[in-house]
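Reviewing the structure listed below.
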Amino acid sequence: MLVDSHTHIDTSRFNADREAVIQAAVAGGVTRMIDPGCDLASSRAALALARDHPGVIYAGVGVHPHDATTYSDAVGEQLLEMARAPQVVAIGEFGLDYYRMLSPRDVQRAVFCAHLELARAAALPCIIHVRDAHDDVMELLRAHGQGQRGVFHCFSGDVAQSEQCLAFDGFMLSFAGPLTRQDNALPDVARMVPLERVLVETDSPYLIPKPVKAKRNEPLFVKYVAQKLADIRGLTFEEIAAITTANTIRLFGLGEPCS
Ligand SMILES: [Zn+2]
């Protein structure tokens with residue numbers, strides 16, 4: 001049994017076959033998934049999807065750094081209102097993305113801090129997106145995120161950066177499809193991360209893992225990320241599945257899967 005700790009199954013790429021994709025995931029052992037919103041509308045969509053699939057889909061509410069300019073105090077109030085629903089298990093995804101820089105840096109930083117406040121007010125863990133912005137995320141978390149919990153989703157840094165992330169006691173690292181590729185430091189990170197602090201995810205529809213040949217990623221394919229992590233750690237698939245599932249349940253307080 002696996003949890004896909006990060007999928008955007010609310011997005012339009014799944015409009016034609018969303019229910020079939022969810023059923024295929026559950027039938028394949030991916031019994032629970034977390035869908036983080038990327039703006040107000042997709043946060044609403046994620047919550048609606050979670051309400052329609054109790055015990056299977058859970059939602060996060062937040063504004064992605066790409067869309068940071070759409071954030072306002074009024075948006076924050078609505079996210080906080082949504083966060084009261086039992087199906088909402090996280091604030092996010094939010095973060096800093098200086099790779100694509102679709103919102104100005106100062107706006108991203110201010111919106112990052114606003115989300116930390118939302119997470120504190122809602123007493124929920126954070127789903128944090130970081131791309132080419134590691135130092136700023138560390139700085140803002142040190143200044144404003146003390147005592148908070150969450151996950152560095154789709155971790156993309158090196159070993160030294162992973163150690164800085166794990167210095168925040170309440171945080172975990174999550175691996176996605178890039179772990180299955182050869183062109184990065186992630187296998188080294190995966191070798192050293194404490195097993196009680198690791199999650200797996202797809203970030204679907206993006207980041208198709210090897211060896212999948214498809215145009216679109218989907219929650220079922222989280223099993224390839226888990227298998228790669230198992231290979232790196234010299235554990236069985238079942239052991240990694242049990243460990244990452246327990247970690248996800250613990251971090252996000254997920255209920256039991258519905259049969
Ligand atoms: Zn995402």
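By convention in this document, the chains of the structure tokens carry letters A, B, ... by their order, each chain's residues are numbered from 1, and ligands are numbered from 1 in the order they are shown.
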Within 10 Å of ligand 1, counting only C-alpha atoms and all ligand atoms, residues as a ChimeraX atom specification: /A:5-8,35-38,64,92-94,127-129,153-154,201-207
Would you mind exporting N, CA, C and O atoms of the selected residues as a compact mmCIF listing (two decimals), in the first residue's frame?
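What follows is the written file out07.txt:
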# COMPACT_ATOMS: atom_id res chain seq x y z
N SER A 5 1.94 11.31 -2.12
CA SER A 5 1.82 12.46 -1.22
C SER A 5 1.70 13.79 -1.96
O SER A 5 1.59 14.84 -1.31
N HIS A 6 1.69 13.75 -3.31
CA HIS A 6 1.59 15.02 -4.04
C HIS A 6 1.18 14.75 -5.49
O HIS A 6 1.99 14.30 -6.31
N THR A 7 -0.08 15.00 -5.78
CA THR A 7 -0.56 14.87 -7.17
C THR A 7 -1.51 16.01 -7.48
O THR A 7 -2.26 16.45 -6.61
N HIS A 8 -1.47 16.48 -8.72
CA HIS A 8 -2.39 17.54 -9.15
C HIS A 8 -3.47 16.92 -10.01
O HIS A 8 -3.65 17.28 -11.18
N ASP A 35 -3.74 16.05 -2.86
CA ASP A 35 -3.79 16.98 -3.99
C ASP A 35 -3.65 18.40 -3.45
O ASP A 35 -4.59 18.95 -2.89
N PRO A 36 -2.46 19.00 -3.61
CA PRO A 36 -2.29 20.38 -3.14
C PRO A 36 -2.75 21.37 -4.20
O PRO A 36 -2.45 21.22 -5.38
N GLY A 37 -3.47 22.40 -3.77
CA GLY A 37 -3.85 23.46 -4.67
C GLY A 37 -2.66 24.34 -5.03
O GLY A 37 -1.66 24.38 -4.32
N CYS A 38 -2.80 25.04 -6.17
CA CYS A 38 -1.74 25.94 -6.63
C CYS A 38 -2.21 27.39 -6.69
O CYS A 38 -1.40 28.29 -6.90
N HIS A 64 0.85 28.58 -5.31
CA HIS A 64 2.17 28.22 -5.83
C HIS A 64 3.01 29.48 -6.10
O HIS A 64 2.44 30.52 -6.47
N GLY A 92 -0.55 24.43 1.27
CA GLY A 92 0.37 24.31 0.16
C GLY A 92 -0.32 23.79 -1.08
O GLY A 92 -1.50 23.42 -1.01
N GLU A 93 0.37 23.85 -2.22
CA GLU A 93 1.78 24.04 -2.10
C GLU A 93 2.14 25.51 -2.26
O GLU A 93 1.50 26.23 -3.03
N PHE A 94 3.13 25.91 -1.52
CA PHE A 94 3.67 27.25 -1.65
C PHE A 94 5.19 27.12 -1.62
O PHE A 94 5.72 26.04 -1.41
N ILE A 127 3.36 22.21 2.69
CA ILE A 127 3.91 21.55 1.50
C ILE A 127 4.70 22.61 0.74
O ILE A 127 4.11 23.55 0.18
N ILE A 128 6.04 22.46 0.75
CA ILE A 128 6.90 23.54 0.26
C ILE A 128 7.57 23.15 -1.05
O ILE A 128 8.18 22.08 -1.17
N HIS A 129 7.44 24.04 -2.04
CA HIS A 129 8.07 23.90 -3.36
C HIS A 129 9.31 24.80 -3.38
O HIS A 129 9.23 25.98 -3.09
N HIS A 153 8.70 19.21 -0.88
CA HIS A 153 8.16 18.31 -1.89
C HIS A 153 9.06 18.29 -3.11
O HIS A 153 9.69 19.28 -3.44
N CYS A 154 9.10 17.13 -3.77
CA CYS A 154 9.96 16.94 -4.94
C CYS A 154 11.33 17.54 -4.70
O CYS A 154 11.81 18.38 -5.46
N GLU A 201 6.13 10.63 -3.97
CA GLU A 201 5.06 11.37 -4.65
C GLU A 201 5.26 11.24 -6.15
O GLU A 201 6.32 10.82 -6.62
N THR A 202 4.22 11.67 -6.90
CA THR A 202 4.38 11.75 -8.36
C THR A 202 4.52 13.19 -8.86
O THR A 202 5.16 13.42 -9.88
N ASP A 203 3.87 14.16 -8.19
CA ASP A 203 3.70 15.50 -8.75
C ASP A 203 3.02 15.42 -10.11
O ASP A 203 3.22 16.26 -10.98
N SER A 204 2.23 14.37 -10.30
CA SER A 204 1.54 14.19 -11.57
C SER A 204 0.58 15.36 -11.83
O SER A 204 0.05 15.92 -10.86
N PRO A 205 0.38 15.77 -13.09
CA PRO A 205 0.75 15.09 -14.33
C PRO A 205 2.21 15.29 -14.78
O PRO A 205 2.57 14.84 -15.87
N TYR A 206 3.03 15.91 -13.97
CA TYR A 206 4.40 16.21 -14.37
C TYR A 206 5.35 15.09 -13.92
O TYR A 206 4.98 14.19 -13.18
N LEU A 207 6.62 15.17 -14.34
CA LEU A 207 7.72 14.37 -13.78
C LEU A 207 7.52 12.86 -13.90
O LEU A 207 7.62 12.12 -12.91
Which residues come within 12 Å of Phe14 in chain A, counting only C-alpha atoms, excluding same-chain residues fewer than 2 positions away, as a list of chain:residue names? A:Thr7, A:His8, A:Ile9, A:Asp10, A:Thr11, A:Ser12, A:Ala16, A:Asp17, A:Arg18, A:Glu19, A:Ala20, A:Val21, A:Ile22, A:Ser204, A:Pro205, A:Tyr206, A:Lys215, A:Arg216, A:Asn217, A:Glu218, A:Pro219
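Compared by their closest atoms to Asp4 in chain A, and using only C-alpha atoms, the residues A:Ser103, A:Asn247, A:Thr31, A:Ser162 rank with A:Thr31 nearest.
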So that I can check the surroundings of His144 in chain A, please list as a PyMOL selection string every protein, DNA and RNA residue that reaches within 9 Å of it, counting only C-alpha atoms and ignoring chain neighbours fewer than 6 positions away. chain A and resi 113+116-117
Apply DSSP to the backbone of this structure and, from range 46-230 of chain A, keep only the residues in alpha helix (DSSP H); write these as JSON, numbers by chain. {"A": [46, 47, 48, 49, 50, 51, 52, 73, 74, 75, 76, 77, 78, 79, 80, 81, 82, 105, 106, 107, 108, 109, 110, 111, 112, 113, 114, 115, 116, 117, 118, 119, 120, 121, 122, 134, 135, 136, 137, 138, 139, 140, 141, 142, 143, 144, 159, 160, 161, 162, 163, 164, 165, 166, 186, 187, 188, 189, 190, 191, 192, 222, 223, 224, 225, 226, 227, 228, 229, 230]}
For Arg109 in chain A, work out the shell of residues within 10 Å, counting only C-alpha atoms and skipping chain neighbours fewer than 2 positions away, then give it as a ChimeraX atom specification. /A:65,68,95-97,103-107,111-114,136-137,140
Counting only C-alpha atoms, which of A:Leu254, A:Ala214, A:Cys165, A:Val189 gets nearest to Pro54 in chain A? A:Leu254
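Note that the spacing between CA of Gly29 in chain A and CA of Met1 in chain A amounts to 4.8 Å.
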Closest of A:Gly62, A:Gln87, A:Ala45, A:Glu196 to Asn15 in chain A - atom-to-atom distances counting only C-alpha atoms: A:Ala45
Long-range neighbours of Pro209 in chain A as a ChimeraX atom specification, 9 Å cut-off, only C-alpha atoms, 6 positions minimum in chain: /A:176-181,202,217,221-222,224-225
Could you write those residues out with N, CA and C atoms, as a CSV table (one decimal), in the first residue's frame?
chain,number,residue,atom,x,y,z
A,176,ALA,N,10.3,12.4,-6.0
A,176,ALA,CA,9.4,12.2,-7.1
A,176,ALA,C,10.2,11.6,-8.3
A,177,GLY,N,9.6,11.6,-9.5
A,177,GLY,CA,10.2,11.0,-10.7
A,177,GLY,C,11.7,11.3,-10.9
A,178,PRO,N,12.2,12.5,-10.6
A,178,PRO,CA,13.7,12.7,-10.8
A,178,PRO,C,14.6,11.7,-10.1
A,179,LEU,N,14.1,11.1,-9.0
A,179,LEU,CA,14.9,10.1,-8.3
A,179,LEU,C,15.3,8.9,-9.2
A,180,THR,N,14.4,8.7,-10.2
A,180,THR,CA,14.7,7.5,-11.1
A,180,THR,C,15.6,7.9,-12.2
A,181,ARG,N,16.1,9.1,-12.3
A,181,ARG,CA,17.0,9.5,-13.4
A,181,ARG,C,18.4,9.5,-12.9
A,202,THR,N,4.2,11.7,-6.9
A,202,THR,CA,4.4,11.8,-8.4
A,202,THR,C,4.5,13.2,-8.9
A,217,ASN,N,2.0,11.8,-16.3
A,217,ASN,CA,2.2,11.1,-15.1
A,217,ASN,C,0.9,10.9,-14.3
A,221,PHE,N,1.8,5.7,-10.7
A,221,PHE,CA,3.2,5.6,-11.0
A,221,PHE,C,4.2,5.9,-9.9
A,222,VAL,N,3.6,6.3,-8.7
A,222,VAL,CA,4.4,6.5,-7.6
A,222,VAL,C,5.2,5.2,-7.2
A,224,TYR,N,6.9,3.4,-9.0
A,224,TYR,CA,8.3,3.4,-9.6
A,224,TYR,C,9.3,4.2,-8.7
A,225,VAL,N,8.8,5.3,-8.1
A,225,VAL,CA,9.6,6.1,-7.2
A,225,VAL,C,9.9,5.3,-6.0
9 Å contact set for Phe168 in chain A, only C-alpha atoms, chain neighbours under 2 positions out, as a PDB file with C-alpha atoms, in the first residue's frame:
ATOM      1  CA  LEU A 141      12.077  29.229   7.581  1.00  0.00           C
ATOM      2  CA  ARG A 142      14.718  30.032  10.185  1.00  0.00           C
ATOM      3  CA  GLY A 145       8.987  28.872  10.484  1.00  0.00           C
ATOM      4  CA  GLN A 146      10.314  27.733  13.830  1.00  0.00           C
ATOM      5  CA  GLY A 147       8.322  24.858  15.264  1.00  0.00           C
ATOM      6  CA  GLN A 148       6.396  24.231  12.061  1.00  0.00           C
ATOM      7  CA  ARG A 149       6.045  20.916  10.233  1.00  0.00           C
ATOM      8  CA  GLN A 164      20.007  21.844   5.995  1.00  0.00           C
ATOM      9  CA  CYS A 165      16.380  20.959   5.236  1.00  0.00           C
ATOM     10  CA  LEU A 166      16.402  18.101   7.738  1.00  0.00           C
ATOM     11  CA  GLY A 170       9.305  18.777  11.767  1.00  0.00           C
ATOM     12  CA  PHE A 171      10.124  18.484   8.079  1.00  0.00           C
ATOM     13  CA  MET A 172      10.467  15.553   5.711  1.00  0.00           C
TER      14      MET A 172
END
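For the set A:Asp231, A:Leu2, A:Gln161, A:Tyr98, the residue with the smallest atom-to-atom gap to Val26 in chain A is A:Leu2, counting only C-alpha atoms.
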Can you tell me which residues surround Arg191 in chain A at a distance of at most 10 Å, considering only C-alpha atoms, apart from same-chain residues fewer than 2 positions away, and format the answer as number ranges by chain? A: 159, 186-189, 193-195, 229-234
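Straight-line separation from CA of Val56 in chain A to CA of Arg131 in chain A: 28.9 Å.
Considering the residues A:Ile249, A:Leu118, A:Met101, A:Val130 and counting only C-alpha atoms, Met33 in chain A has its shortest atom-to-atom contact with A:Ile249.
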Between A:Leu199, A:Ala122, A:Val212, A:Ile240, which is the closest to Ala83 in chain A once you count only C-alpha atoms? A:Ala122
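Of the residues in range 155-197 of chain A, those that DSSP places in strand (DSSP E or B) on the basis of the backbone are Phe171, Met172, Leu173, Ser174 and Phe175 of chain A.
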Written selection (all heavy atoms) as an mmCIF file, in the first residue's frame:
data_model
loop_
_atom_site.group_PDB
_atom_site.id
_atom_site.type_symbol
_atom_site.label_atom_id
_atom_site.label_comp_id
_atom_site.auth_asym_id
_atom_site.auth_seq_id
_atom_site.Cartn_x
_atom_site.Cartn_y
_atom_site.Cartn_z
ATOM 1 N N PHE A 171 10.234 18.588 9.537
ATOM 2 C CA PHE A 171 10.124 18.484 8.079
ATOM 3 C C PHE A 171 10.666 17.172 7.527
ATOM 4 O O PHE A 171 11.607 16.598 8.069
ATOM 5 C CB PHE A 171 10.839 19.658 7.409
ATOM 6 C CG PHE A 171 9.990 20.897 7.362
ATOM 7 C CD1 PHE A 171 9.879 21.713 8.490
ATOM 8 C CD2 PHE A 171 9.268 21.229 6.232
ATOM 9 C CE1 PHE A 171 9.077 22.850 8.468
ATOM 10 C CE2 PHE A 171 8.461 22.357 6.201
ATOM 11 C CZ PHE A 171 8.372 23.185 7.319
ATOM 12 N N MET A 172 10.049 16.748 6.432
ATOM 13 C CA MET A 172 10.467 15.553 5.711
ATOM 14 C C MET A 172 10.879 15.941 4.291
ATOM 15 O O MET A 172 10.581 17.041 3.823
ATOM 16 C CB MET A 172 9.314 14.555 5.636
ATOM 17 C CG MET A 172 8.763 14.165 7.009
ATOM 18 S SD MET A 172 7.836 12.632 6.934
ATOM 19 C CE MET A 172 7.268 12.537 8.650
ATOM 20 N N LEU A 173 11.566 15.002 3.620
ATOM 21 C CA LEU A 173 11.899 15.166 2.202
ATOM 22 C C LEU A 173 11.022 14.223 1.396
ATOM 23 O O LEU A 173 10.819 13.072 1.794
ATOM 24 C CB LEU A 173 13.354 14.795 1.923
ATOM 25 C CG LEU A 173 14.481 15.598 2.555
ATOM 26 C CD1 LEU A 173 15.820 15.145 1.963
ATOM 27 C CD2 LEU A 173 14.292 17.081 2.354
ATOM 28 N N SER A 174 10.549 14.705 0.256
ATOM 29 C CA SER A 174 9.768 13.843 -0.615
ATOM 30 C C SER A 174 10.453 13.704 -1.966
ATOM 31 O O SER A 174 10.910 14.686 -2.545
ATOM 32 C CB SER A 174 8.365 14.428 -0.807
ATOM 33 O OG SER A 174 7.618 13.599 -1.684
ATOM 34 N N PHE A 175 10.495 12.461 -2.458
ATOM 35 C CA PHE A 175 11.099 12.174 -3.756
ATOM 36 C C PHE A 175 10.017 11.907 -4.787
ATOM 37 O O PHE A 175 9.015 11.251 -4.496
ATOM 38 C CB PHE A 175 12.009 10.945 -3.671
ATOM 39 C CG PHE A 175 13.235 11.185 -2.832
ATOM 40 C CD1 PHE A 175 13.359 10.603 -1.581
ATOM 41 C CD2 PHE A 175 14.256 11.997 -3.304
ATOM 42 C CE1 PHE A 175 14.486 10.827 -0.815
ATOM 43 C CE2 PHE A 175 15.384 12.227 -2.539
ATOM 44 C CZ PHE A 175 15.505 11.640 -1.298
#
